[in-house]
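Undergrad: My structure is in model07.cif, and what it holds is mmCIF, C-alpha atoms:
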data_work
loop_
_atom_site.label_atom_id
_atom_site.label_comp_id
_atom_site.auth_asym_id
_atom_site.auth_seq_id
_atom_site.Cartn_x
_atom_site.Cartn_y
_atom_site.Cartn_z
CA MET I 1154 85.07 93.53 66.78
CA LYS I 1155 87.62 92.34 69.38
CA SER I 1156 86.78 93.25 72.99
CA ILE I 1157 88.94 95.93 74.54
CA PHE I 1158 88.29 94.52 78.00
CA SER I 1159 90.72 92.06 79.63
CA ALA I 1160 89.71 88.71 81.12
CA SER I 1161 90.07 90.18 84.59
CA ASP I 1162 87.44 92.82 83.74
CA ARG I 1163 84.97 90.23 82.53
CA TYR I 1164 85.74 87.59 85.13
CA PRO I 1165 86.85 89.34 88.31
CA LEU I 1166 86.45 86.26 90.52
CA LEU I 1167 88.61 84.26 88.12
CA ALA I 1168 91.33 86.92 88.31
CA VAL I 1169 91.30 86.84 92.10
CA LEU I 1170 91.52 83.04 92.08
CA LEU I 1171 94.44 83.09 89.65
CA CYS I 1172 96.32 85.61 91.81
CA PHE I 1173 95.75 83.45 94.87
CA ILE I 1174 97.06 80.34 93.10
CA LEU I 1175 100.11 82.23 91.85
CA SER I 1176 100.85 83.47 95.37
CA LEU I 1177 100.84 79.89 96.61
CA LEU I 1178 103.05 78.64 93.79
CA CYS I 1179 105.42 81.63 93.90
CA PRO I 1180 106.06 82.75 97.51
CA SER I 1181 108.21 85.57 96.23
CA LEU I 1182 105.07 87.20 94.84
CA ARG I 1183 103.53 87.53 98.30
CA ALA I 1184 103.51 90.99 99.77
CA GLN I 1185 106.73 91.65 101.63
CA GLN I 1186 106.90 94.02 104.56
CA ALA I 1187 109.38 96.77 103.77
CA ARG I 1188 112.07 98.13 106.02
CA TRP I 1189 110.63 100.73 108.34
CA THR I 1190 111.00 104.31 107.18
CA GLU I 1191 112.98 106.75 109.31
CA GLU I 1192 109.67 108.28 110.38
CA GLN I 1193 108.26 104.93 111.49
CA ALA I 1194 111.41 104.03 113.40
CA ASN I 1195 111.58 107.37 115.20
CA ALA I 1196 107.87 107.31 116.01
CA TRP I 1197 108.37 103.88 117.60
CA TYR I 1198 111.36 105.10 119.62
CA ALA I 1199 109.50 108.17 120.81
CA GLN I 1200 107.06 105.84 122.57
CA GLN I 1201 109.82 104.10 124.53
CA PRO I 1202 111.37 105.12 127.84
CA TRP I 1203 115.13 105.44 127.95
CA LEU I 1204 116.01 101.81 127.41
CA VAL I 1205 118.52 100.29 129.79
CA GLY I 1206 119.21 96.66 130.61
CA ALA I 1207 121.53 93.70 130.23
CA ASN I 1208 122.18 90.66 128.10
CA PHE I 1209 120.42 88.07 130.21
CA LEU I 1210 121.30 84.47 130.94
CA PRO I 1211 120.17 82.96 134.25
CA SER I 1212 123.07 82.27 136.58
CA ASP I 1213 122.26 78.55 136.59
CA ALA I 1214 122.59 78.18 132.79
CA ILE I 1215 125.83 77.91 130.85
CA ASN I 1216 124.27 78.81 127.49
CA GLN I 1217 121.04 79.41 125.55
CA LEU I 1218 120.22 75.69 125.34
CA GLU I 1219 120.48 75.15 129.08
CA MET I 1220 118.38 78.26 129.67
CA TRP I 1221 115.52 77.11 127.43
CA GLN I 1222 115.49 73.29 127.33
CA PRO I 1223 112.50 71.83 129.22
CA GLY I 1224 114.61 69.96 131.75
CA THR I 1225 116.61 73.03 132.81
CA PHE I 1226 114.24 75.93 132.13
CA ASP I 1227 114.00 77.62 135.53
CA PRO I 1228 111.21 80.20 135.92
CA ALA I 1229 111.99 80.73 139.62
CA THR I 1230 115.58 81.82 138.94
CA ILE I 1231 114.48 83.96 135.99
CA ASP I 1232 111.87 85.66 138.19
CA ARG I 1233 114.34 86.31 141.00
CA GLU I 1234 117.09 87.66 138.75
CA LEU I 1235 114.82 89.87 136.66
CA GLY I 1236 113.70 91.26 139.99
CA PHE I 1237 117.29 92.32 140.68
CA ALA I 1238 117.28 94.14 137.33
CA GLU I 1239 113.96 95.85 138.00
CA GLY I 1240 115.27 97.04 141.35
CA ILE I 1241 117.90 99.28 139.72
CA GLY I 1242 115.60 100.52 136.95
CA MET I 1243 116.39 98.17 134.07
CA ASN I 1244 113.48 97.90 131.63
CA THR I 1245 114.79 95.63 128.87
CA MET I 1246 116.86 92.48 128.46
CA ARG I 1247 118.60 91.07 125.41
CA VAL I 1248 117.90 87.33 125.39
CA PHE I 1249 119.27 84.66 123.05
CA LEU I 1250 117.15 81.89 121.53
CA HIS I 1251 118.35 78.88 119.46
CA ASN I 1252 117.18 77.13 116.31
CA LEU I 1253 117.69 73.63 117.78
CA LEU I 1254 115.09 74.37 120.44
CA TRP I 1255 112.55 75.17 117.73
CA GLU I 1256 113.42 72.05 115.75
CA GLN I 1257 113.16 69.86 118.84
CA ASP I 1258 109.71 71.01 120.00
CA PRO I 1259 108.28 74.22 118.53
CA GLU I 1260 105.11 74.20 120.61
CA GLY I 1261 106.94 73.58 123.85
CA PHE I 1262 109.52 76.23 122.99
CA LYS I 1263 106.77 78.76 122.31
CA ARG I 1264 105.18 77.97 125.68
CA ARG I 1265 108.46 78.57 127.49
CA ILE I 1266 108.99 81.85 125.62
CA ASP I 1267 105.50 82.88 126.67
CA THR I 1268 106.30 81.99 130.28
CA PHE I 1269 109.45 84.08 130.10
CA LEU I 1270 107.52 87.01 128.65
CA THR I 1271 104.96 86.77 131.46
CA ILE I 1272 107.71 86.88 134.07
CA ALA I 1273 109.48 89.76 132.30
CA ALA I 1274 106.25 91.76 132.05
CA LYS I 1275 105.74 91.29 135.79
CA HIS I 1276 109.02 93.17 136.24
CA HIS I 1277 108.18 95.82 133.59
CA ILE I 1278 110.87 94.44 131.28
CA ARG I 1279 110.44 94.08 127.51
CA PRO I 1280 113.12 91.88 125.95
CA ILE I 1281 114.95 91.99 122.66
CA PHE I 1282 115.15 88.42 121.39
CA VAL I 1283 118.25 87.31 119.46
CA LEU I 1284 117.60 84.52 116.95
CA LEU I 1285 121.02 83.64 115.50
CA ASP I 1286 124.55 83.97 116.85
CA SER I 1287 128.01 83.42 115.35
CA CYS I 1288 130.01 83.52 118.60
CA TRP I 1289 131.77 80.78 120.56
CA ASP I 1290 131.20 77.01 120.12
CA PRO I 1291 130.24 76.30 116.47
CA TYR I 1292 128.96 72.78 117.17
CA PRO I 1293 125.83 73.08 119.35
CA LYS I 1294 124.08 69.94 120.57
CA LEU I 1295 120.82 69.44 122.42
CA GLY I 1296 120.74 67.62 125.72
CA PRO I 1297 122.84 68.05 128.85
CA GLN I 1298 125.47 70.74 128.43
CA HIS I 1299 129.02 70.35 129.71
CA PRO I 1300 129.99 72.05 132.97
CA PRO I 1301 131.93 75.30 132.88
CA ILE I 1302 135.62 75.05 132.01
CA PRO I 1303 137.39 76.32 135.14
CA GLY I 1304 138.65 79.88 134.82
CA VAL I 1305 137.34 80.48 131.27
CA HIS I 1306 134.97 83.22 130.07
CA ASN I 1307 131.77 81.95 128.38
CA SER I 1308 133.16 78.44 128.02
CA GLY I 1309 129.84 76.84 127.08
CA TRP I 1310 128.13 79.39 124.82
CA VAL I 1311 127.02 77.95 121.47
CA GLN I 1312 126.45 79.33 118.00
CA SER I 1313 123.13 79.23 116.20
CA PRO I 1314 122.73 77.63 113.73
CA GLY I 1315 126.30 76.28 113.99
CA ALA I 1316 129.02 75.57 111.46
CA GLU I 1317 127.53 72.45 109.87
CA VAL I 1318 124.28 74.17 108.91
CA LEU I 1319 125.94 77.45 107.99
CA ALA I 1320 128.30 75.72 105.55
CA ASP I 1321 125.52 73.73 103.82
CA PRO I 1322 122.95 75.75 101.81
CA THR I 1323 120.70 72.70 101.52
CA GLN I 1324 120.02 73.08 105.26
CA TYR I 1325 119.01 76.74 105.11
CA PRO I 1326 115.28 75.84 105.13
CA ARG I 1327 115.88 74.89 108.77
CA ILE I 1328 116.87 78.48 109.49
CA GLU I 1329 113.97 79.84 107.45
CA HIS I 1330 111.39 77.75 109.32
CA TYR I 1331 112.86 78.76 112.66
CA VAL I 1332 112.97 82.49 111.92
CA GLU I 1333 109.49 82.56 110.42
CA GLY I 1334 108.12 80.28 113.14
CA VAL I 1335 109.38 82.19 116.17
CA VAL I 1336 108.88 85.70 114.82
CA GLY I 1337 105.52 84.73 113.36
CA ALA I 1338 104.31 83.28 116.66
CA PHE I 1339 105.02 86.52 118.53
CA ALA I 1340 104.82 89.05 115.69
CA ARG I 1341 102.11 91.10 117.43
CA ASP I 1342 103.11 90.55 121.06
CA PRO I 1343 103.56 93.95 122.76
CA ARG I 1344 105.69 92.34 125.47
CA ILE I 1345 108.57 92.06 122.98
CA LEU I 1346 110.61 95.18 122.29
CA ALA I 1347 112.49 94.12 119.14
CA TRP I 1348 114.07 91.25 117.20
CA ASP I 1349 117.87 91.08 116.90
CA LEU I 1350 118.15 88.64 114.02
CA TRP I 1351 121.85 87.75 114.08
CA ASN I 1352 124.49 88.51 116.70
CA GLU I 1353 127.91 89.42 115.28
CA PRO I 1354 127.21 87.33 112.17
CA ASP I 1355 130.72 87.45 110.69
CA ASN I 1356 132.61 86.94 113.97
CA ASP I 1357 135.31 84.34 113.28
CA ASN I 1358 135.98 83.52 116.97
CA GLN I 1359 139.70 84.24 116.84
CA GLY I 1360 141.16 83.32 120.21
CA SER I 1361 138.54 80.72 121.16
CA TYR I 1362 137.16 78.22 118.62
CA ALA I 1363 138.93 79.64 115.57
CA LYS I 1364 140.45 76.33 114.44
CA VAL I 1365 137.09 74.58 114.10
CA ASP I 1366 134.84 77.43 112.96
CA VAL I 1367 133.26 77.45 109.49
CA LYS I 1368 135.50 78.58 106.65
CA ASN I 1369 134.66 81.72 104.66
CA LYS I 1370 132.12 82.73 107.30
CA ALA I 1371 131.95 86.38 106.23
CA GLU I 1372 131.24 85.43 102.61
CA ILE I 1373 128.54 82.95 103.65
CA VAL I 1374 126.91 85.46 105.98
CA GLN I 1375 127.01 88.16 103.32
CA ARG I 1376 124.76 86.00 101.15
CA LEU I 1377 122.53 84.67 103.92
CA LEU I 1378 121.88 87.69 106.14
CA PRO I 1379 119.58 89.52 103.69
CA ARG I 1380 117.52 86.33 103.42
CA VAL I 1381 117.17 86.18 107.19
CA PHE I 1382 115.80 89.72 107.21
CA ALA I 1383 113.41 88.79 104.39
CA TRP I 1384 112.18 85.70 106.25
CA ALA I 1385 111.51 87.74 109.39
CA ARG I 1386 109.71 90.45 107.44
CA SER I 1387 107.56 87.89 105.62
CA VAL I 1388 105.56 87.27 108.82
CA HIS I 1389 104.90 91.02 109.31
CA PRO I 1390 106.20 91.66 112.84
CA THR I 1391 104.99 94.79 114.60
CA GLN I 1392 108.34 95.02 116.42
CA PRO I 1393 111.45 96.43 114.71
CA LEU I 1394 114.17 94.21 113.23
CA THR I 1395 117.88 94.76 113.67
CA SER I 1396 121.34 93.20 113.66
CA GLY I 1397 124.04 94.99 115.60
CA LEU I 1398 127.17 96.45 114.05
CA TRP I 1399 130.25 95.36 115.93
CA ASP I 1400 133.36 95.63 113.75
CA GLY I 1401 135.07 97.97 111.32
CA ASP I 1402 134.73 101.63 110.31
CA TRP I 1403 131.25 103.18 110.69
CA SER I 1404 132.11 106.73 109.68
CA SER I 1405 130.16 106.29 106.43
CA VAL I 1406 128.23 103.57 104.66
CA ASP I 1407 130.97 103.31 102.01
CA ALA I 1408 133.58 102.69 104.72
CA MET I 1409 131.69 99.78 106.29
CA LEU I 1410 132.65 96.15 105.89
CA PRO I 1411 130.24 94.25 103.58
CA VAL I 1412 128.35 92.50 106.39
CA ALA I 1413 128.15 95.67 108.48
CA ARG I 1414 126.71 97.51 105.51
CA ILE I 1415 123.97 94.89 105.17
CA GLN I 1416 123.21 95.16 108.89
CA TYR I 1417 123.04 98.94 108.64
CA GLU I 1418 120.89 99.06 105.51
CA GLU I 1419 118.46 96.29 106.52
CA SER I 1420 117.85 97.23 110.16
CA ASP I 1421 114.74 99.18 111.13
CA ILE I 1422 116.62 100.53 114.15
CA ILE I 1423 120.41 100.79 114.38
CA THR I 1424 122.10 98.71 117.06
CA PHE I 1425 125.78 98.39 117.85
CA HIS I 1426 128.36 96.90 120.21
CA ASP I 1427 131.11 98.97 121.77
CA TYR I 1428 133.46 97.82 124.53
CA GLY I 1429 135.79 100.77 124.09
CA TRP I 1430 136.64 103.78 126.21
CA PRO I 1431 133.95 106.46 126.65
CA GLU I 1432 135.49 108.65 123.93
CA HIS I 1433 135.15 105.78 121.46
CA PHE I 1434 131.60 105.04 122.61
CA GLU I 1435 130.54 108.63 122.04
CA GLN I 1436 132.16 108.69 118.61
CA SER I 1437 130.26 105.52 117.64
CA ILE I 1438 126.99 107.23 118.62
CA LYS I 1439 127.80 110.29 116.53
CA GLU I 1440 128.65 108.19 113.48
CA LEU I 1441 125.56 106.01 113.69
CA ARG I 1442 123.19 108.92 114.30
CA GLN I 1443 123.87 109.87 110.69
CA SER I 1444 121.30 107.16 109.88
CA HIS I 1445 118.54 109.43 111.30
CA ARG I 1446 117.19 106.33 113.03
CA PRO I 1447 117.08 105.29 116.69
CA VAL I 1448 120.46 104.10 117.97
CA LEU I 1449 120.70 101.37 120.62
CA CYS I 1450 123.85 99.89 122.14
CA THR I 1451 123.15 96.20 122.71
CA GLU I 1452 126.58 95.27 124.12
CA TYR I 1453 129.03 97.28 126.23
CA MET I 1454 130.75 97.29 129.65
CA ALA I 1455 134.03 95.48 130.16
CA ARG I 1456 135.53 97.07 133.25
CA SER I 1457 139.19 96.14 132.82
CA ILE I 1458 139.49 97.51 129.28
CA GLY I 1459 137.91 100.91 129.85
CA SER I 1460 134.17 100.42 129.35
CA THR I 1461 132.48 101.04 132.70
CA PHE I 1462 129.04 101.97 133.94
CA ASP I 1463 130.47 105.09 135.60
CA THR I 1464 131.57 106.57 132.27
CA ILE I 1465 129.31 104.98 129.62
CA LEU I 1466 125.85 105.23 131.20
CA PRO I 1467 125.88 109.05 131.50
CA ILE I 1468 126.83 109.35 127.82
CA ALA I 1469 124.08 106.96 126.74
CA HIS I 1470 121.59 108.83 128.88
CA GLU I 1471 122.63 112.21 127.46
CA TYR I 1472 122.16 111.03 123.86
CA ARG I 1473 119.11 108.90 124.75
CA VAL I 1474 120.83 105.85 123.33
CA ALA I 1475 119.75 102.51 124.78
CA ALA I 1476 122.42 100.90 126.97
CA ILE I 1477 122.37 97.10 127.28
CA ASN I 1478 125.48 95.72 128.97
CA TRP I 1479 126.75 92.16 128.80
CA GLY I 1480 125.78 90.06 131.80
CA LEU I 1481 123.41 90.47 134.73
CA VAL I 1482 124.13 87.88 137.44
CA ALA I 1483 127.50 86.11 137.80
CA GLY I 1484 127.03 82.40 137.19
CA LYS I 1485 127.91 79.42 135.04
CA SER I 1486 128.79 81.54 132.01
CA GLN I 1487 131.70 82.99 134.04
CA THR I 1488 131.61 86.24 132.08
CA TYR I 1489 132.98 88.08 135.10
CA LEU I 1490 136.28 86.66 133.76
CA PRO I 1491 137.98 88.49 130.88
CA TRP I 1492 138.24 87.37 127.26
CA ASP I 1493 141.94 86.57 127.64
CA SER I 1494 141.00 83.68 129.92
CA TRP I 1495 140.72 81.59 126.74
CA SER I 1496 144.50 81.73 126.47
CA ARG I 1497 145.23 82.07 130.20
CA PRO I 1498 142.50 80.52 132.39
CA TYR I 1499 142.04 82.16 135.78
CA VAL I 1500 142.22 78.96 137.80
CA LEU I 1501 144.64 79.73 140.61
CA GLU I 1502 143.87 83.43 140.80
CA GLN I 1503 140.95 85.71 140.11
CA PRO I 1504 141.24 88.89 138.03
CA PRO I 1505 141.46 92.11 140.07
CA VAL I 1506 138.08 93.33 138.80
CA TRP I 1507 135.05 91.67 137.24
CA PHE I 1508 134.94 91.92 133.46
CA HIS I 1509 131.13 91.75 132.93
CA ASP I 1510 128.04 91.21 135.15
CA VAL I 1511 126.24 93.40 137.68
CA PHE I 1512 125.12 91.19 140.59
CA HIS I 1513 126.31 88.37 142.78
CA PRO I 1514 123.88 85.39 142.77
CA ASP I 1515 122.25 86.60 145.99
CA GLY I 1516 121.38 89.95 144.39
CA THR I 1517 124.16 91.98 145.99
CA PRO I 1518 125.60 94.42 143.43
CA TYR I 1519 129.24 93.87 142.49
CA ARG I 1520 129.71 97.60 143.19
CA GLU I 1521 127.03 99.49 145.08
CA ARG I 1522 128.16 102.68 143.35
CA GLU I 1523 127.16 101.17 139.98
CA ALA I 1524 123.69 100.34 141.31
CA GLU I 1525 123.38 103.93 142.52
CA ILE I 1526 124.21 105.24 139.03
CA PHE I 1527 121.50 103.06 137.51
CA ARG I 1528 118.93 104.18 140.06
CA LYS I 1529 119.80 107.85 139.60
CA LEU I 1530 119.68 107.82 135.78
CA THR I 1531 116.50 105.70 135.62
CA GLY I 1532 114.73 107.57 138.41
CA THR I 1533 114.37 104.41 140.50
CA ARG I 1534 114.01 104.87 144.23
#
Using structure tokens, write down the structure that the file contains.
TA:
Amino acid sequence: MKSIFSASDRYPLLAVLLCFILSLLCPSLRAQQARWTEEQANAWYAQQPWLVGANFLPSDAINQLEMWQPGTFDPATIDRELGFAEGIGMNTMRVFLHNLLWEQDPEGFKRRIDTFLTIAAKHHIRPIFVLLDSCWDPYPKLGPQHPPIPGVHNSGWVQSPGAEVLADPTQYPRIEHYVEGVVGAFARDPRILAWDLWNEPDNDNQGSYAKVDVKNKAEIVQRLLPRVFAWARSVHPTQPLTSGLWDGDWSSVDAMLPVARIQYEESDIITFHDYGWPEHFEQSIKELRQSHRPVLCTEYMARSIGSTFDTILPIAHEYRVAAINWGLVAGKSQTYLPWDSWSRPYVLEQPPVWFHDVFHPDGTPYREREAEIFRKLTGTR
């Protein structure tokens, strides 16, 4: 009579061994971490203070590469400038990394990230790290970075991974190794608040580098972005994953642009960018709260076009939405100059008001009234 028992019943150790071999041969069979449930996301957010901070680049760096490369990594300036932030109650920073730094020297890069995290923790700041970015110069290169272009906003910022890699699927393993390597190295580090996997992924840079950017970027990103989320989840981070919505209609999922819909449906927590007037900012919050997940604004504040600390911070505080403005200390990025400086550089004259940034390099606030608003809303003496 034929046995009714399977081979796995009779040879349990053999079955375990076969499963292990299959998992090695077929990575897709390995257990994948799922997107957080609404309950998980809200439980995480309930443990956080009201999150307020800035997108951080030291004033002596023109871009992510200059911030992090071993020859220009400057812990003293980072320490001093994060101290300015702590002094007005900021408790988070959004900080950009770069794949070329990982490819150059992963161990050294991890050590510098650890040093940064130690400094940030000293100032009670937990950063959101950004891994990829589709904005500004699409041809990043390691080594010395060019000096700022006089009168031009963010004249040295670089994309990650850059147009050449983005346009060539055979190079995507470079992105995979970087995402898995960095997130995996710090997947259980409580000093990190969250991972922002890709900044404005389908931004085509109209008005700056549009003529040399990758063609069909939105279509490429639409295929690649879900893979980036999968790579990050494969190393089981304890921190939430996100990619911030920045363009289009968010009134419903069906109304969203294809890339925005992927960002919305893949993110553990919902993040967004809004440089509009306070009425627009509040409407964005109301639309995105339909997700029933935490909502964090990871870019806002452009004084000359209607987005100011005076009007936006009270709204964010009322709704308990994180508020992370662009720019902390005015420096080589020149983001105190407006976006239109790409077409009309401010060489002979300065704009009447700063566009971004909070502090002068010596720590003096651009407007003392703004510092007072931060201190009042964060309860900082």
Undergrad: I'd like the contact shell of range 1345-1350 of chain I - 7 Å cut-off, all atoms listed in the file, skipping same-chain residues fewer than 3 positions apart - returned as a compact mmCIF listing (two decimals) with C-alpha atoms, in the frame of the given file.
TA:
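Dumped to selection24.txt:
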# COMPACT_ATOMS: atom_id res chain seq x y z
CA ARG I 1279 110.44 94.08 127.51
CA PRO I 1280 113.12 91.88 125.95
CA ILE I 1281 114.95 91.99 122.66
CA PHE I 1282 115.15 88.42 121.39
CA VAL I 1283 118.25 87.31 119.46
CA LEU I 1284 117.60 84.52 116.95
CA LEU I 1285 121.02 83.64 115.50
CA ASP I 1342 103.11 90.55 121.06
CA GLN I 1392 108.34 95.02 116.42
CA PRO I 1393 111.45 96.43 114.71
CA LEU I 1394 114.17 94.21 113.23
CA THR I 1395 117.88 94.76 113.67
CA SER I 1396 121.34 93.20 113.66
Undergrad: Enter the distance from CA of Gln1217 in chain I to CA of Val1248 in chain I, in Å, rounded to one decimal.
TA: 8.5 Å
Undergrad: Within 8 Å of range 1398-1413 of chain I, counting all atoms listed in the file, which residues qualify if same-chain residues fewer than 2 places away don't, as number ranges by chain?
TA: I: 1353-1355, 1371, 1374-1375, 1396, 1415-1417, 1424-1427, 1437, 1440-1441
Undergrad: Since we have the selection now, will you write its residues out, keeping C-alpha atoms, as a PDB file, in the frame of the given file?
TA:
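Generated file (again01.pdb):
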ATOM      1  CA  GLU I1353     127.910  89.420 115.280  1.00  0.00           C
ATOM      2  CA  PRO I1354     127.210  87.330 112.170  1.00  0.00           C
ATOM      3  CA  ASP I1355     130.720  87.450 110.690  1.00  0.00           C
ATOM      4  CA  ALA I1371     131.950  86.380 106.230  1.00  0.00           C
ATOM      5  CA  VAL I1374     126.910  85.460 105.980  1.00  0.00           C
ATOM      6  CA  GLN I1375     127.010  88.160 103.320  1.00  0.00           C
ATOM      7  CA  SER I1396     121.340  93.200 113.660  1.00  0.00           C
ATOM      8  CA  ILE I1415     123.970  94.890 105.170  1.00  0.00           C
ATOM      9  CA  GLN I1416     123.210  95.160 108.890  1.00  0.00           C
ATOM     10  CA  TYR I1417     123.040  98.940 108.640  1.00  0.00           C
ATOM     11  CA  THR I1424     122.100  98.710 117.060  1.00  0.00           C
ATOM     12  CA  PHE I1425     125.780  98.390 117.850  1.00  0.00           C
ATOM     13  CA  HIS I1426     128.360  96.900 120.210  1.00  0.00           C
ATOM     14  CA  ASP I1427     131.110  98.970 121.770  1.00  0.00           C
ATOM     15  CA  SER I1437     130.260 105.520 117.640  1.00  0.00           C
ATOM     16  CA  GLU I1440     128.650 108.190 113.480  1.00  0.00           C
ATOM     17  CA  LEU I1441     125.560 106.010 113.690  1.00  0.00           C
TER      18      LEU I1441
END
Undergrad: Got a sec to resolve the PyMOL selection byres ((chain I and resi 1501-1510) around 6) on this structure and send the residues as a ChimeraX atom specification?
TA: /I:1455-1456,1480-1483,1488-1491,1499-1500,1511
Undergrad: Skip Asp1232 in chain I itself and residues of its chain fewer than 2 positions away, then list as a ChimeraX atom specification all residues within 9 Å of it, counting all atoms listed in the file.
TA: /I:1227-1230,1234-1237,1269,1272-1273,1275-1276
Undergrad: Counting only C-alpha atoms, figure out which residue out of I:Lys1485, I:His1277, I:Lys1368, I:Arg1380 gets nearest to Glu1419 in chain I.
TA: I:Arg1380
